[in-house]
Protein chains: 2
Amino acid sequence: MKEKLSTESYKGVRDFYPEDKYIQKYIFEKMRQVVERFGYEEYDASIIEPTELYKAKSGEEIVNEQTYSFTDRGDREITLRPEMTPTVARMVASKKRELSFPLRWYSIVNNFRYERPQKGRGREFWQLNVDNFGIEGIEAETEAITIAYKIMLNLGAIESDFEIRISYAGIIGIILAEKFDLNTEEKRDLIRLIDRWNGKKISDTDFNKKIEELLGEEKSSKLMKSLVDGEIRKISEAQPESQLCKEIISKLEKAGINNAKFDPFLVRGFDYYTGVVFEVFDKNPENNRAMFGGGRYDNLLDIFGEDKIPAVGFGMGDMTAIEFLKSRDLIPEYLPNTDLYLCITDKKYSEFTEDLAQALRTQDLKIAVDYSFKKLDKQIKTADKKKIPFVICIGEDETKADEFTLKRMIDGKEWKVKREEIKKLIVDSI
Amino acid sequence: MKEKLSTESYKGVRDFYPEDKYIQKYIFEKMRQVVERFGYEEYDASIIEPTELYKAKSGEEIVNEQTYSFTDRGDREITLRPEMTPTVARMVASKKRELSFPLRWYSIVNNFRYERPQKGRGREFWQLNVDNFGIEGIEAETEAITIAYKIMLNLGAIESDFEIRISYAGIIGIILAEKFDLNTEEKRDLIRLIDRWNGKKISDTDFNKKIEELLGEEKSSKLMKSLVDGEIRKISEAQPESQLCKEIISKLEKAGINNAKFDPFLVRGFDYYTGVVFEVFDKNPENNRAMFGGGRYDNLLDIFGEDKIPAVGFGMGDMTAIEFLKSRDLIPEYLPNTDLYLCITDKKYSEFTEDLAQALRTQDLKIAVDYSFKKLDKQIKTADKKKIPFVICIGEDETKADEFTLKRMIDGKEWKVKREEIKKLIVDSI
């Protein structure tokens with residue numbers, strides 16, 4: 001017996017059939033419009049990077065447990081990029097002297113993480129990355145957040161659909177470590193827990209339980225109390241770093257963005273953030289969680305032995321965006337590229353049909369020809385299944401008269417047309 | 001001492017700085033225009049595939065020596081896609097009953113092969129893939145070749161720049177095996193040599209030497225003679241399969257494509273071809289070689305236990321395209337997305353400037369603001385280095401009068417403009 005291969009894709013990655021690709025392209029086109037209006041230029045890089053790139057600053061969990069790392073045929077340790085920031089930092093460091101700052105770059109790339117696949121999270125996801133380099137002031141963060149906000153609106157969201165939470169990397173850790181006398185590991189683990197709790201990735205009960213495991217009963221109940229009664233928040237707000245966040249919020253408000261707020265419990269998962277961080281939260285009660293975020297990472301060029309360059313960036317993935325759009329009924333209906341489907345009653349009209357198709361293509365119409373030579377009604381059904389908006393059937397009459405019946409599929413309306421009238425009619429009647 | 005990471009990318013892959021990405025986008029946009037005019041719809045899939053997908057039909061050399069294959073954290077054997085055809089066959093097989101044929105699909109994706117990097121060949125290359133399914137007749141091959149031809153023209157080539165070589169998979173092997181009494185391995189190795197020789201990848205001398213090593217002196221001199229005196233060609237041309245090639249060439253000529261010819265020595269590197277194959281050759285004497293190609297592969301769905309579906313496709317890589325365009329001086333000059341650069345004399349005018357930028361962005365202008373607060377001449381120099389076509393500087397006068405000096409960078413020409421006149425002037429004066 002013949003061995004039979006599975007037609008399934010690798011676990012946790014997606015096949016994009018034209019209907020799926022259509023949605024992904026729609027989303028990234030909406031994102032692209034916004035970032036380009038802010039003067040960002042597109043760059044790109046390979047999915048393969050030297051593994052050492054991630055050892056320095058991406059965060060332990062990602063490198064040790066979540067990367068796709070392996071050894072190539074030349075014994076080099078390589079990793080499939082889990083995120084774009086180290087790559088963009090590498091590229092900027094590499095040509096620092098030739099580049100002119102401020103630099104505004106974006107990319108639309110895939111990333112890989114070995115995680116359990118779940119709704120809105122796969123092992124491969126595509127992501128818009130937006131980074132500016134060389135701006136020291138809060139104009140950089142304000143711009144990044146404004147872009148994130150405008151992308152949400154460009155995707156069809158309204159302000160009340162989401163919330164922008166802003167904090168300063170590290171302050172919550174410093175406050176907690178001091179107040180509860182934590183060592184480095186306790187602090188790190190606690191921060192990670194708070195991140196998951198704040199991002200609604202674990203329930204209140206689980207959070208409580210895990211904190212008790214980590215700090216013991218006494219400390220943990222003190223901690224919970226000070227979280228709940230607002231004491232920690234108050235201390236956080238009094239820090240000078242928090243003033244920066246508030247200035248940004250005020251700048252955003254002046255520009256008409258009213259859903260940003262200070263959130264001291266916001267922690268971003270990467271070790272490289274050095275200043276203001278932010279996350280965009282879905283306010284849908286059934287999907288209340290962080291969708292994406294970013295922040296300032298002024299020191300990342302360090303790892304290449306280069307001087308600091310101020311840097312602010314964020315990444316926005318396609319899977320979370322699709323989940324958001326689905327929950328808001330904002331997914332666009334699929335429309336194929338193709339404008340017109342030409343059916344043929346007999347093989348002998350192939351050349352005539354191809355000639356007509358070519359003439360229409362030079363007018364920038366998108367034409368598919370059905371060379372299956374099935375029965376006409378089957379060919380028309382094919383066009384219908386493909387959602388192609390117009391059909392013309394070619395048989396003896398058409399080749400003789402060079403006159404055609406253009407049929408609009410949505411309502412069956414028909415027009416008798418000469419060759420040179422087809423383009424205008426399609427454009428006007430779609 | 002601090003450890004210092006290299007800023008180099010992994011060997012054989014490319015970083016795309018905005019200038020590089022611009023060229024790649026230009027090339028794929030030109031390709032996309034053509035395939036969409038022929039009614040092809042875009043699909044996509046992950047770069048990671050189960051390794052077994054390539055074991056069946058991609059050809060021994062590629063799987064054993066050239067793939068990036070490894071084991072994931074869940075012990076699955078996976079491979080970074082070396083080519084797209086097995087993936088598209090997998091996707092079609094997976095939804096065969098829901099899809100309506102003829103199917104016309106294209107993708108623009110990256111592939112990985114572990115090869116020695118050289119001019120026009122890297123370990124990662126991006127590729128347009130064009131496939132139609134469900135067309136039994138030569139209309140399928142004719143369409144694929146026509147698309148390849150029109151892409152070349154859309155990239156700026158003229159007909160005499162390149163040549164389309166057409167053959168039928170396997171016939172040269174059958175003829176040679178019979179005539180020279182070759183066993184399976186000899187046949188396979190000989191075919192591979194002829195492929196490299198025909199594609200100008202090895203010199204005549206090397207070809208001669210290797211054939212002698214393979215077949216011994218006597219057979220090899222007989223073979224060389226029958227190659228040189230045209231005997232093999234004559235036998236090939238007399239095969240019934242060659243008639244199909246000639247019919248396609250005649251169809252192409254009727255459609256105005258006059259650089260296609262029958263070439264019995266054309267061999268494609270993949271095992272899955274079952275019929276007509278073709279390659280596009282660069283006719284530049286300094287770079288005379290196969291650029292890309294494809295052919296018919298009617299049996300590939302077999303490996304998934306599915307019935308045959310007629311299929312014809314080709315792939316066209318970005319690296320060979322770039323080499324071709326470079327050699328013909330057809331690479332477009334870099335132009336950033338950004339239309340206008342706003343410079344600021346002092347931090348206190350930030351909000352005014354941002355407000356102006358926002359107003360212009362809503363008119364779909366692409367605006368970058370220089371928040372470096374360096375001296376004005378430095379900011380203008382930055383705009384110049386970035387090749388941004390227009391600059392406006394904002395200082396006290398501008399904020400008071402809401403009147404601006406728009407400067408065109410290419411010739412220094414200046415206009416005094418009101419806010420609402422900026423868009424029109426930029427559009428008209430670029």
# chains A, B, ... in the order shown; residues from 1 in each chain; ligands from 1
$ interface_residues --of "chain A" --to "chain B" --cutoff "7 Å" --atoms "only C-alpha atoms" --output "PyMOL selection string"
chain A and resi 4-7+9-10+13-18+21+36-39+41-46+48-50+68+70+72+90-91+93-94+100+102+134-135+139+303-305+336-338+361+364-368+370-372+382+385
$ select_by_dssp --residues "range 175-334 of chain A" --states "strand (DSSP E)" --output "PyMOL selection string"
chain A and resi 260-262+276-282+290-296+311-317
$ write_last_selection --atoms "C-alpha atoms" --output "mmCIF file, in the first residue's frame"
data_model
loop_
_atom_site.group_PDB
_atom_site.id
_atom_site.type_symbol
_atom_site.label_atom_id
_atom_site.label_comp_id
_atom_site.auth_asym_id
_atom_site.auth_seq_id
_atom_site.Cartn_x
_atom_site.Cartn_y
_atom_site.Cartn_z
ATOM 1 C CA ALA A 260 -5.193 56.185 28.011
ATOM 2 C CA LYS A 261 -4.579 55.705 31.727
ATOM 3 C CA PHE A 262 -1.737 55.135 34.156
ATOM 4 C CA VAL A 276 7.703 54.115 29.662
ATOM 5 C CA VAL A 277 5.818 50.998 28.578
ATOM 6 C CA PHE A 278 2.257 50.629 27.313
ATOM 7 C CA GLU A 279 -0.306 48.046 26.390
ATOM 8 C CA VAL A 280 -3.572 48.171 24.494
ATOM 9 C CA PHE A 281 -6.320 46.286 26.318
ATOM 10 C CA ASP A 282 -9.444 44.861 24.793
ATOM 11 C CA ALA A 290 -3.772 42.816 26.633
ATOM 12 C CA MET A 291 -3.747 42.757 22.853
ATOM 13 C CA PHE A 292 -0.345 44.287 22.217
ATOM 14 C CA GLY A 293 2.128 46.797 23.522
ATOM 15 C CA GLY A 294 5.593 48.238 23.604
ATOM 16 C CA GLY A 295 7.792 50.787 25.237
ATOM 17 C CA ARG A 296 11.141 52.492 25.492
ATOM 18 C CA ALA A 311 14.375 53.854 21.077
ATOM 19 C CA VAL A 312 10.634 53.349 21.417
ATOM 20 C CA GLY A 313 8.667 50.636 19.702
ATOM 21 C CA PHE A 314 5.725 48.301 19.743
ATOM 22 C CA GLY A 315 4.523 45.175 17.995
ATOM 23 C CA MET A 316 0.978 44.262 17.006
ATOM 24 C CA GLY A 317 0.146 40.727 15.971
#
$ select_by_dssp --residues "range 256-339 of chain A" --states "helix (DSSP H, G or I)" --output "list in words"
Pro285, Glu286, Asn287, Leu300, Leu301, Asp302, Ile303, Phe304, Asp318, Met319, Thr320, Ala321, Ile322, Glu323, Phe324, Leu325, Lys326 and Ser327 of chain A
$ write_last_selection --atoms "C-alpha atoms" --output "JSON list (two decimals), in the first residue's frame"
[["chain", "number", "residue", "atom", "x", "y", "z"],
["A", 285, "PRO", "CA", -15.84, 41.68, 28.86],
["A", 286, "GLU", "CA", -15.48, 38.26, 27.24],
["A", 287, "ASN", "CA", -11.98, 38.89, 25.98],
["A", 300, "LEU", "CA", 19.55, 47.62, 23.57],
["A", 301, "LEU", "CA", 22.42, 48.70, 21.32],
["A", 302, "ASP", "CA", 24.70, 48.01, 24.29],
["A", 303, "ILE", "CA", 24.77, 44.34, 23.47],
["A", 304, "PHE", "CA", 26.54, 45.16, 20.20],
["A", 318, "ASP", "CA", -2.35, 39.53, 13.40],
["A", 319, "MET", "CA", -3.94, 36.83, 15.55],
["A", 320, "THR", "CA", -4.99, 39.10, 18.38],
["A", 321, "ALA", "CA", -6.17, 41.67, 15.83],
["A", 322, "ILE", "CA", -8.30, 39.02, 14.10],
["A", 323, "GLU", "CA", -9.81, 37.94, 17.44],
["A", 324, "PHE", "CA", -10.61, 41.55, 18.24],
["A", 325, "LEU", "CA", -12.22, 42.16, 14.85],
["A", 326, "LYS", "CA", -14.23, 38.95, 15.06],
["A", 327, "SER", "CA", -15.61, 39.84, 18.46]]
$ atom_distance --atom1 "CA of Ile172 in chain B" --atom2 "CA of Arg233 in chain B"
8.9 Å
$ residues_around --residues "Asp206 in chain B" --least-positions-apart "4" --cutoff "12 Å" --atoms "only C-alpha atoms" --output "list in words"
Leu193, Ile194, Arg196, Trp197, Lys200, Lys201, Ile202, Lys210, Ile211, Glu212 and Glu213 of chain B
$ residues_around --residues "Leu155 in chain B" --least-positions-apart "5" --cutoff "10 Å" --atoms "only C-alpha atoms" --output "list in words"
Tyr26, Ile27, Phe28, Glu29, Lys30, Met31, Lys150, Ala321, Phe324, Leu325, Leu330 and Ile331 of chain B
$ atom_distance --atom1 "CA of Ile249 in chain A" --atom2 "CA of Thr142 in chain A"
8.2 Å
$ residues_around --residues "Ala177 in chain B" --least-positions-apart "3" --cutoff "10 Å" --atoms "only C-alpha atoms" --output "tab-separated table (two decimals) with N, CA and C atoms, in the first residue's frame"
chain	number	residue	atom	x	y	z
B	171	ILE	N	11.95	13.15	-21.13
B	171	ILE	CA	12.24	12.52	-22.43
B	171	ILE	C	13.73	12.39	-22.70
B	172	ILE	N	14.50	13.38	-22.34
B	172	ILE	CA	15.94	13.29	-22.62
B	172	ILE	C	16.53	12.08	-21.89
B	173	GLY	N	16.06	11.83	-20.68
B	173	GLY	CA	16.53	10.67	-19.90
B	173	GLY	C	16.21	9.36	-20.58
B	174	ILE	N	14.99	9.24	-21.06
B	174	ILE	CA	14.57	7.99	-21.71
B	174	ILE	C	15.41	7.73	-22.96
B	180	PHE	N	22.30	4.64	-24.82
B	180	PHE	CA	23.63	4.34	-24.27
B	180	PHE	C	23.58	3.26	-23.19
B	181	ASP	N	22.45	2.63	-23.08
B	181	ASP	CA	22.29	1.50	-22.18
B	181	ASP	C	22.73	1.85	-20.74
B	182	LEU	N	22.06	2.83	-20.16
B	182	LEU	CA	22.44	3.32	-18.83
B	182	LEU	C	21.56	2.67	-17.77
B	183	ASN	N	22.14	2.45	-16.59
B	183	ASN	CA	21.31	2.00	-15.47
B	183	ASN	C	20.69	3.23	-14.79
B	184	THR	N	19.85	2.96	-13.81
B	184	THR	CA	19.08	4.06	-13.21
B	184	THR	C	19.97	5.16	-12.61
B	186	GLU	N	23.16	5.84	-13.32
B	186	GLU	CA	23.89	6.55	-14.39
B	186	GLU	C	22.98	7.57	-15.07
B	187	LYS	N	21.76	7.13	-15.33
B	187	LYS	CA	20.80	8.02	-15.98
B	187	LYS	C	20.56	9.26	-15.11
B	188	ARG	N	20.30	9.00	-13.84
B	188	ARG	CA	20.01	10.11	-12.93
B	188	ARG	C	21.19	11.09	-12.86
B	190	LEU	N	23.61	11.48	-14.99
B	190	LEU	CA	23.84	12.12	-16.29
B	190	LEU	C	22.86	13.28	-16.50
B	191	ILE	N	21.60	13.02	-16.16
B	191	ILE	CA	20.58	14.06	-16.29
B	191	ILE	C	20.95	15.28	-15.46
$ closest_residue --among "A:Glu237, A:Lys387, A:Lys348, A:Ser160" --to "Tyr334 in chain A" --atoms "only C-alpha atoms"
A:Lys387
$ decode --residues "range 257-397 of chain A" --atoms "C-alpha atoms" --output "PDB file, in the first residue's frame"
ATOM      1  CA  ILE A 257      -7.129  60.498  22.631  1.00  0.00           C
ATOM      2  CA  ASN A 258      -9.124  59.895  25.784  1.00  0.00           C
ATOM      3  CA  ASN A 259      -8.732  56.229  26.637  1.00  0.00           C
ATOM      4  CA  ALA A 260      -5.193  56.185  28.011  1.00  0.00           C
ATOM      5  CA  LYS A 261      -4.579  55.705  31.727  1.00  0.00           C
ATOM      6  CA  PHE A 262      -1.737  55.135  34.156  1.00  0.00           C
ATOM      7  CA  ASP A 263      -1.465  51.525  35.349  1.00  0.00           C
ATOM      8  CA  PRO A 264       1.385  50.797  37.772  1.00  0.00           C
ATOM      9  CA  PHE A 265       0.755  47.047  37.547  1.00  0.00           C
ATOM     10  CA  LEU A 266       1.535  46.890  33.862  1.00  0.00           C
ATOM     11  CA  VAL A 267       4.677  44.826  33.327  1.00  0.00           C
ATOM     12  CA  ARG A 268       6.028  43.983  29.898  1.00  0.00           C
ATOM     13  CA  GLY A 269       7.576  40.553  29.355  1.00  0.00           C
ATOM     14  CA  PHE A 270      10.906  41.681  27.879  1.00  0.00           C
ATOM     15  CA  ASP A 271      13.980  42.564  29.895  1.00  0.00           C
ATOM     16  CA  TYR A 272      15.116  45.348  27.611  1.00  0.00           C
ATOM     17  CA  TYR A 273      12.593  48.066  28.488  1.00  0.00           C
ATOM     18  CA  THR A 274      14.155  51.058  30.203  1.00  0.00           C
ATOM     19  CA  GLY A 275      11.331  53.575  30.494  1.00  0.00           C
ATOM     20  CA  VAL A 276       7.703  54.115  29.662  1.00  0.00           C
ATOM     21  CA  VAL A 277       5.818  50.998  28.578  1.00  0.00           C
ATOM     22  CA  PHE A 278       2.257  50.629  27.313  1.00  0.00           C
ATOM     23  CA  GLU A 279      -0.306  48.046  26.390  1.00  0.00           C
ATOM     24  CA  VAL A 280      -3.572  48.171  24.494  1.00  0.00           C
ATOM     25  CA  PHE A 281      -6.320  46.286  26.318  1.00  0.00           C
ATOM     26  CA  ASP A 282      -9.444  44.861  24.793  1.00  0.00           C
ATOM     27  CA  LYS A 283     -12.408  46.095  26.853  1.00  0.00           C
ATOM     28  CA  ASN A 284     -14.720  43.368  25.610  1.00  0.00           C
ATOM     29  CA  PRO A 285     -15.843  41.683  28.857  1.00  0.00           C
ATOM     30  CA  GLU A 286     -15.477  38.260  27.238  1.00  0.00           C
ATOM     31  CA  ASN A 287     -11.978  38.894  25.980  1.00  0.00           C
ATOM     32  CA  ASN A 288     -10.648  41.406  28.461  1.00  0.00           C
ATOM     33  CA  ARG A 289      -6.911  41.193  27.967  1.00  0.00           C
ATOM     34  CA  ALA A 290      -3.772  42.816  26.633  1.00  0.00           C
ATOM     35  CA  MET A 291      -3.747  42.757  22.853  1.00  0.00           C
ATOM     36  CA  PHE A 292      -0.345  44.287  22.217  1.00  0.00           C
ATOM     37  CA  GLY A 293       2.128  46.797  23.522  1.00  0.00           C
ATOM     38  CA  GLY A 294       5.593  48.238  23.604  1.00  0.00           C
ATOM     39  CA  GLY A 295       7.792  50.787  25.237  1.00  0.00           C
ATOM     40  CA  ARG A 296      11.141  52.492  25.492  1.00  0.00           C
ATOM     41  CA  TYR A 297      14.351  50.464  25.239  1.00  0.00           C
ATOM     42  CA  ASP A 298      17.243  52.911  25.175  1.00  0.00           C
ATOM     43  CA  ASN A 299      20.009  50.434  26.024  1.00  0.00           C
ATOM     44  CA  LEU A 300      19.553  47.617  23.572  1.00  0.00           C
ATOM     45  CA  LEU A 301      22.424  48.699  21.323  1.00  0.00           C
ATOM     46  CA  ASP A 302      24.695  48.014  24.289  1.00  0.00           C
ATOM     47  CA  ILE A 303      24.772  44.342  23.468  1.00  0.00           C
ATOM     48  CA  PHE A 304      26.541  45.158  20.203  1.00  0.00           C
ATOM     49  CA  GLY A 305      29.090  47.379  21.921  1.00  0.00           C
ATOM     50  CA  GLU A 306      27.452  50.497  20.506  1.00  0.00           C
ATOM     51  CA  ASP A 307      26.496  53.681  22.324  1.00  0.00           C
ATOM     52  CA  LYS A 308      22.922  54.011  23.459  1.00  0.00           C
ATOM     53  CA  ILE A 309      20.326  55.265  21.061  1.00  0.00           C
ATOM     54  CA  PRO A 310      16.951  56.305  22.417  1.00  0.00           C
ATOM     55  CA  ALA A 311      14.375  53.854  21.077  1.00  0.00           C
ATOM     56  CA  VAL A 312      10.634  53.349  21.417  1.00  0.00           C
ATOM     57  CA  GLY A 313       8.667  50.636  19.702  1.00  0.00           C
ATOM     58  CA  PHE A 314       5.725  48.301  19.743  1.00  0.00           C
ATOM     59  CA  GLY A 315       4.523  45.175  17.995  1.00  0.00           C
ATOM     60  CA  MET A 316       0.978  44.262  17.006  1.00  0.00           C
ATOM     61  CA  GLY A 317       0.146  40.727  15.971  1.00  0.00           C
ATOM     62  CA  ASP A 318      -2.351  39.530  13.396  1.00  0.00           C
ATOM     63  CA  MET A 319      -3.939  36.828  15.550  1.00  0.00           C
ATOM     64  CA  THR A 320      -4.993  39.103  18.381  1.00  0.00           C
ATOM     65  CA  ALA A 321      -6.175  41.668  15.831  1.00  0.00           C
ATOM     66  CA  ILE A 322      -8.303  39.019  14.096  1.00  0.00           C
ATOM     67  CA  GLU A 323      -9.811  37.940  17.442  1.00  0.00           C
ATOM     68  CA  PHE A 324     -10.608  41.551  18.240  1.00  0.00           C
ATOM     69  CA  LEU A 325     -12.219  42.165  14.845  1.00  0.00           C
ATOM     70  CA  LYS A 326     -14.229  38.953  15.060  1.00  0.00           C
ATOM     71  CA  SER A 327     -15.614  39.837  18.465  1.00  0.00           C
ATOM     72  CA  ARG A 328     -16.661  43.268  17.118  1.00  0.00           C
ATOM     73  CA  ASP A 329     -18.026  41.912  13.820  1.00  0.00           C
ATOM     74  CA  LEU A 330     -15.430  43.971  11.958  1.00  0.00           C
ATOM     75  CA  ILE A 331     -14.026  41.253   9.666  1.00  0.00           C
ATOM     76  CA  PRO A 332     -14.527  42.334   6.031  1.00  0.00           C
ATOM     77  CA  GLU A 333     -16.377  40.089   3.613  1.00  0.00           C
ATOM     78  CA  TYR A 334     -14.126  38.181   1.201  1.00  0.00           C
ATOM     79  CA  LEU A 335     -13.876  39.570  -2.311  1.00  0.00           C
ATOM     80  CA  PRO A 336     -11.554  37.940  -4.834  1.00  0.00           C
ATOM     81  CA  ASN A 337      -9.161  40.049  -6.899  1.00  0.00           C
ATOM     82  CA  THR A 338     -10.723  38.763 -10.062  1.00  0.00           C
ATOM     83  CA  ASP A 339     -13.231  41.079 -11.780  1.00  0.00           C
ATOM     84  CA  LEU A 340     -14.529  38.887 -14.574  1.00  0.00           C
ATOM     85  CA  TYR A 341     -14.776  35.170 -15.344  1.00  0.00           C
ATOM     86  CA  LEU A 342     -14.808  34.053 -18.970  1.00  0.00           C
ATOM     87  CA  CYS A 343     -16.580  30.754 -19.687  1.00  0.00           C
ATOM     88  CA  ILE A 344     -16.083  28.893 -22.963  1.00  0.00           C
ATOM     89  CA  THR A 345     -18.577  26.562 -24.626  1.00  0.00           C
ATOM     90  CA  ASP A 346     -16.001  24.732 -26.738  1.00  0.00           C
ATOM     91  CA  LYS A 347     -12.247  24.322 -26.952  1.00  0.00           C
ATOM     92  CA  LYS A 348     -12.218  25.863 -30.437  1.00  0.00           C
ATOM     93  CA  TYR A 349     -13.026  29.285 -28.933  1.00  0.00           C
ATOM     94  CA  SER A 350      -9.987  29.228 -26.636  1.00  0.00           C
ATOM     95  CA  GLU A 351      -7.858  31.474 -28.761  1.00  0.00           C
ATOM     96  CA  PHE A 352     -10.618  34.016 -29.287  1.00  0.00           C
ATOM     97  CA  THR A 353     -11.290  34.028 -25.546  1.00  0.00           C
ATOM     98  CA  GLU A 354      -7.649  34.369 -24.623  1.00  0.00           C
ATOM     99  CA  ASP A 355      -7.357  37.252 -27.038  1.00  0.00           C
ATOM    100  CA  LEU A 356     -10.351  38.983 -25.443  1.00  0.00           C
ATOM    101  CA  ALA A 357      -8.930  38.335 -21.977  1.00  0.00           C
ATOM    102  CA  GLN A 358      -5.610  39.867 -22.986  1.00  0.00           C
ATOM    103  CA  ALA A 359      -7.325  42.958 -24.389  1.00  0.00           C
ATOM    104  CA  LEU A 360      -9.185  43.455 -21.119  1.00  0.00           C
ATOM    105  CA  ARG A 361      -6.077  42.802 -19.011  1.00  0.00           C
ATOM    106  CA  THR A 362      -4.300  45.668 -20.761  1.00  0.00           C
ATOM    107  CA  GLN A 363      -7.129  47.836 -19.391  1.00  0.00           C
ATOM    108  CA  ASP A 364      -6.117  46.585 -15.949  1.00  0.00           C
ATOM    109  CA  LEU A 365      -9.114  44.301 -15.516  1.00  0.00           C
ATOM    110  CA  LYS A 366      -8.461  41.048 -13.710  1.00  0.00           C
ATOM    111  CA  ILE A 367      -9.691  38.180 -15.844  1.00  0.00           C
ATOM    112  CA  ALA A 368      -9.765  34.436 -15.245  1.00  0.00           C
ATOM    113  CA  VAL A 369     -10.658  32.058 -18.063  1.00  0.00           C
ATOM    114  CA  ASP A 370     -12.337  28.697 -17.409  1.00  0.00           C
ATOM    115  CA  TYR A 371     -10.310  26.225 -19.451  1.00  0.00           C
ATOM    116  CA  SER A 372     -12.010  23.208 -17.906  1.00  0.00           C
ATOM    117  CA  PHE A 373     -14.460  22.941 -20.840  1.00  0.00           C
ATOM    118  CA  LYS A 374     -17.099  21.616 -18.468  1.00  0.00           C
ATOM    119  CA  LYS A 375     -20.744  22.394 -19.204  1.00  0.00           C
ATOM    120  CA  LEU A 376     -21.567  26.100 -19.150  1.00  0.00           C
ATOM    121  CA  ASP A 377     -23.774  25.960 -16.064  1.00  0.00           C
ATOM    122  CA  LYS A 378     -20.935  24.285 -14.157  1.00  0.00           C
ATOM    123  CA  GLN A 379     -18.511  26.968 -15.256  1.00  0.00           C
ATOM    124  CA  ILE A 380     -20.904  29.685 -14.113  1.00  0.00           C
ATOM    125  CA  LYS A 381     -21.315  27.897 -10.798  1.00  0.00           C
ATOM    126  CA  THR A 382     -17.539  27.887 -10.427  1.00  0.00           C
ATOM    127  CA  ALA A 383     -17.479  31.672 -10.868  1.00  0.00           C
ATOM    128  CA  ASP A 384     -20.220  31.948  -8.275  1.00  0.00           C
ATOM    129  CA  LYS A 385     -18.368  29.800  -5.746  1.00  0.00           C
ATOM    130  CA  LYS A 386     -15.275  31.904  -6.276  1.00  0.00           C
ATOM    131  CA  LYS A 387     -17.407  35.042  -5.641  1.00  0.00           C
ATOM    132  CA  ILE A 388     -16.225  36.608  -8.901  1.00  0.00           C
ATOM    133  CA  PRO A 389     -18.628  39.499  -9.579  1.00  0.00           C
ATOM    134  CA  PHE A 390     -19.044  39.269 -13.398  1.00  0.00           C
ATOM    135  CA  VAL A 391     -19.258  36.505 -16.016  1.00  0.00           C
ATOM    136  CA  ILE A 392     -19.211  36.437 -19.819  1.00  0.00           C
ATOM    137  CA  CYS A 393     -19.776  33.205 -21.768  1.00  0.00           C
ATOM    138  CA  ILE A 394     -18.048  32.760 -25.112  1.00  0.00           C
ATOM    139  CA  GLY A 395     -19.596  30.593 -27.830  1.00  0.00           C
ATOM    140  CA  GLU A 396     -20.114  30.785 -31.567  1.00  0.00           C
ATOM    141  CA  ASP A 397     -22.381  33.850 -31.492  1.00  0.00           C
TER     142      ASP A 397
END
